[in-house]
Each structure stands twice: as structure tokens, then as C-alpha cells.
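> First, the structure itself, so that you have it in front of you.
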Amino acid sequence: MGDVDVEHVLAALDAAFASSEGMAYLGEDVTMIEHQLQAGALAAASGADDALVVASLLHDVGHMVGQLVGERDAAGALAAETDAHHDVSGARWLAQWFGPDVTEPVRLHVAAKRYLVATEADYAARLSPASVHTLRLQGGPMSAAEIAAFEANPHSAHAVALRRFDEAAKDASVEAPPLAAHRERIRGLLQRA
């Protein structure tokens, strides 16, 4: 991918974030953008590789671009008591530019919540009320067959790590670095793609 393409992608990401400024995050105490920035910052602070940091930073982009790709928006889906499938639409949108090391954890982060609820006795008790509500819409805890299939996926460990950053990224007192702080990390991934 050439420099012009990289700049185009960076501009598209900037535009997605700018167009979603102030977007509510489904009953949480942070906005959609604050949530994603916190998740990216948590991943970076943990020493995660660049792909997992970028996946964490962009994991809920499907909520931001869902209507652009023919999906119901998050608020509309929640009001209708249905799943917006933001995990799938976000991964599909990101796949225009990023490889599976970024897109698969994004696609699997809802499945990872279902997995963790099914496999860790105390995980459900740590979910925010909004996350408990969406869990029901997303299929609830995984069955034994779903657990086996999830564990067999080569991206499941990164999806679980992303999910843990996701749940921790809902603190209204935290001001995470802006998207621009991740530009070089994103640029590096795009140039390697």
C-alpha cells in the first residue's frame, strides 16, 4: 500500500471519529470515542503488539459506520431490542485496509464476551449493566460447541484480550490520548499490509 493510500485511510479514520464526536455509548458513562480511545490506551499500556492496540482502538467502529455499510445504528438496534452486529460491520469496514490480525479480534470481540461469560464464573458479575443487556441480545453465554469452535480460532486469544480492554474502558474520569497519538502505529500497520 503506497503513502497516498495510507493518508487516505488515516483521513477515513479521522472522519469516522470526527463524525461520531459525542456519540453516546449505549448507556455507559463515556462516549463511544472515549471508550475506544481508552481501550486503545489500555492495550498500549499492556505492551500489546501494534495490531492488538489498533484493534482495541477501533473495535467499536462498526457502531460509528454501521449505517454507512447498511447496518442498523446502535441506538436504533438497542431500542428495537436487537443486535446491531457492530462487530461484523466494523471488521468488514476495516478489512478494506487492515489484515486479519486487526479485523479478526474486532469481529470476535462480541463472541469473546459470550465466551468469557460461559467460561469464567465471575466474569458476568463484572459486566456493566449496558453490557449485560447487550449480552442477551447477542446470544448470551456460549454453548459447549460454540466454546470449542471459538477456542479453535487462531485469533481467539487476541479477541479475549481485546474484550478485557473493552470492559475496562468505561471510566469517565480517564482522558485517554487522542486518535492522533496512534497515527504512527496505524501507519506502520498499513504500510506492512
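Residues in the C-alpha cells are numbered from 1 in each chain, the chains being A, B, ... in the order shown, and ligands are numbered from 1 in the order shown.
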With the cut-off set at 12 Å and counting only C-alpha atoms, tabulate each residue of stretch 90-187 of chain A with an atom at most that distance from an atom of stretch 45-58 of chain A, showing the nearest atom pair and its distance in Å to one decimal, ordered by chain and increasing number, as JSON lines.

{"residue": "A:Gly90", "atom": "CA", "partner": "A:Leu58", "partner_atom": "CA", "distance": 8.1}
{"residue": "A:Ala91", "atom": "CA", "partner": "A:Leu58", "partner_atom": "CA", "distance": 9.2}
{"residue": "A:Trp93", "atom": "CA", "partner": "A:Leu58", "partner_atom": "CA", "distance": 10.6}
{"residue": "A:Leu94", "atom": "CA", "partner": "A:Leu58", "partner_atom": "CA", "distance": 8.6}
{"residue": "A:Ala95", "atom": "CA", "partner": "A:Ala55", "partner_atom": "CA", "distance": 11.4}
{"residue": "A:Phe98", "atom": "CA", "partner": "A:Ala51", "partner_atom": "CA", "distance": 9.1}
{"residue": "A:Gly99", "atom": "CA", "partner": "A:Ala51", "partner_atom": "CA", "distance": 9.0}
{"residue": "A:Pro100", "atom": "CA", "partner": "A:Ala51", "partner_atom": "CA", "distance": 9.1}
{"residue": "A:Asp101", "atom": "CA", "partner": "A:Ala51", "partner_atom": "CA", "distance": 5.8}
{"residue": "A:Val102", "atom": "CA", "partner": "A:Ala55", "partner_atom": "CA", "distance": 4.9}
{"residue": "A:Thr103", "atom": "CA", "partner": "A:Ala55", "partner_atom": "CA", "distance": 6.8}
{"residue": "A:Glu104", "atom": "CA", "partner": "A:Ala55", "partner_atom": "CA", "distance": 8.5}
{"residue": "A:Pro105", "atom": "CA", "partner": "A:Ala55", "partner_atom": "CA", "distance": 6.5}
{"residue": "A:Val106", "atom": "CA", "partner": "A:Ala55", "partner_atom": "CA", "distance": 5.9}
{"residue": "A:Arg107", "atom": "CA", "partner": "A:Ala55", "partner_atom": "CA", "distance": 9.5}
{"residue": "A:Leu108", "atom": "CA", "partner": "A:Ala55", "partner_atom": "CA", "distance": 10.6}
{"residue": "A:His109", "atom": "CA", "partner": "A:Ser56", "partner_atom": "CA", "distance": 9.3}
{"residue": "A:His155", "atom": "CA", "partner": "A:Leu52", "partner_atom": "CA", "distance": 10.4}
{"residue": "A:Ser156", "atom": "CA", "partner": "A:Leu52", "partner_atom": "CA", "distance": 11.8}
{"residue": "A:Ala157", "atom": "CA", "partner": "A:Leu52", "partner_atom": "CA", "distance": 10.4}
{"residue": "A:His158", "atom": "CA", "partner": "A:Leu52", "partner_atom": "CA", "distance": 6.7}
{"residue": "A:Ala159", "atom": "CA", "partner": "A:Leu52", "partner_atom": "CA", "distance": 8.7}
{"residue": "A:Val160", "atom": "CA", "partner": "A:Leu52", "partner_atom": "CA", "distance": 10.7}
{"residue": "A:Ala161", "atom": "CA", "partner": "A:Leu52", "partner_atom": "CA", "distance": 8.3}
{"residue": "A:Leu162", "atom": "CA", "partner": "A:Ser56", "partner_atom": "CA", "distance": 5.6}
{"residue": "A:Arg163", "atom": "CA", "partner": "A:Ser56", "partner_atom": "CA", "distance": 8.3}
{"residue": "A:Arg164", "atom": "CA", "partner": "A:Ser56", "partner_atom": "CA", "distance": 9.8}
{"residue": "A:Phe165", "atom": "CA", "partner": "A:Ser56", "partner_atom": "CA", "distance": 7.1}
{"residue": "A:Asp166", "atom": "CA", "partner": "A:Ser56", "partner_atom": "CA", "distance": 7.3}
{"residue": "A:Glu167", "atom": "CA", "partner": "A:Ser56", "partner_atom": "CA", "distance": 11.0}
{"residue": "A:Ala168", "atom": "CA", "partner": "A:Ser56", "partner_atom": "CA", "distance": 11.4}
{"residue": "A:Ala169", "atom": "CA", "partner": "A:Ser56", "partner_atom": "CA", "distance": 9.9}
{"residue": "A:Ala176", "atom": "CA", "partner": "A:Leu57", "partner_atom": "CA", "distance": 10.7}
{"residue": "A:Pro177", "atom": "CA", "partner": "A:Leu57", "partner_atom": "CA", "distance": 10.8}
{"residue": "A:Pro178", "atom": "CA", "partner": "A:Leu57", "partner_atom": "CA", "distance": 10.2}
{"residue": "A:Leu179", "atom": "CA", "partner": "A:Leu57", "partner_atom": "CA", "distance": 8.2}
{"residue": "A:Ala180", "atom": "CA", "partner": "A:Leu57", "partner_atom": "CA", "distance": 11.4}
{"residue": "A:Ala181", "atom": "CA", "partner": "A:Leu57", "partner_atom": "CA", "distance": 11.0}
{"residue": "A:His182", "atom": "CA", "partner": "A:Val54", "partner_atom": "CA", "distance": 7.9}
{"residue": "A:Arg183", "atom": "CA", "partner": "A:Val54", "partner_atom": "CA", "distance": 9.8}
{"residue": "A:Glu184", "atom": "CA", "partner": "A:Asp50", "partner_atom": "CA", "distance": 10.0}
{"residue": "A:Arg185", "atom": "CA", "partner": "A:Asp50", "partner_atom": "CA", "distance": 6.2}
{"residue": "A:Ile186", "atom": "CA", "partner": "A:Val54", "partner_atom": "CA", "distance": 6.7}
{"residue": "A:Arg187", "atom": "CA", "partner": "A:Asp50", "partner_atom": "CA", "distance": 10.4}
> Got a sec: who's within 12 Å of A:Asp5, counting only C-alpha atoms, leaving out chain neighbours fewer than 5 positions off, as a short mmCIF file (atom, residue, chain, number, x, y, z; two decimals) with N, CA and C atoms, in the first residue's frame?

data_model
loop_
_atom_site.label_atom_id
_atom_site.label_comp_id
_atom_site.auth_asym_id
_atom_site.auth_seq_id
_atom_site.Cartn_x
_atom_site.Cartn_y
_atom_site.Cartn_z
N LEU A 10 -5.94 7.03 6.88
CA LEU A 10 -5.86 7.86 8.09
C LEU A 10 -6.95 8.93 8.08
N ALA A 11 -7.19 9.52 6.91
CA ALA A 11 -8.25 10.52 6.79
C ALA A 11 -9.62 9.90 7.02
N ALA A 12 -9.84 8.68 6.52
CA ALA A 12 -11.13 8.00 6.71
C ALA A 12 -11.36 7.69 8.19
N GLN A 96 -11.05 -3.31 4.50
CA GLN A 96 -10.64 -2.59 3.30
C GLN A 96 -9.14 -2.28 3.33
N TRP A 97 -8.60 -2.17 4.56
CA TRP A 97 -7.23 -1.69 4.72
C TRP A 97 -6.34 -2.55 5.60
N ARG A 187 -0.15 3.84 10.82
CA ARG A 187 0.61 4.00 9.57
C ARG A 187 1.51 2.78 9.35
N LEU A 190 -0.51 -0.22 8.23
CA LEU A 190 -1.00 -0.04 6.86
C LEU A 190 0.15 -0.23 5.86
N GLN A 191 1.32 0.23 6.19
CA GLN A 191 2.44 0.11 5.27
C GLN A 191 2.92 -1.36 5.16
N ALA A 193 0.76 -3.86 5.38
CA ALA A 193 -0.36 -4.64 4.82
C ALA A 193 -0.13 -4.94 3.35
#
> Can you tell me, as a ChimeraX atom specification, what residues are no more than 10 Å from A:Ile33 when counting only C-alpha atoms, ignoring any on the same chain fewer than 2 positions away?
/A:16-18,20-25,30-31,35-39,57-58,60-61,64,176,178-179
> Within 12 Å of A:Met142, counting only C-alpha atoms, which residues qualify if same-chain residues fewer than 4 places away don't, as an MDAnalysis selection string?
chainID A and resid 110:120 135:136 138 146:151
> Go through A:Gly62, A:Asn153, A:His133, A:Glu34 and flag the residue nearest A:Glu175, using only C-alpha atoms for the distances.
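Among A:Gly62, A:Asn153, A:His133, A:Glu34, it is A:Glu34 that comes nearest to A:Glu175.
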> Using only C-alpha atoms, find the one residue out of A:Val174, A:Ala124, A:Leu189, A:Thr134 that sits nearest to A:Ala41.
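That would be A:Val174, the residue with the smallest distance to A:Ala41.
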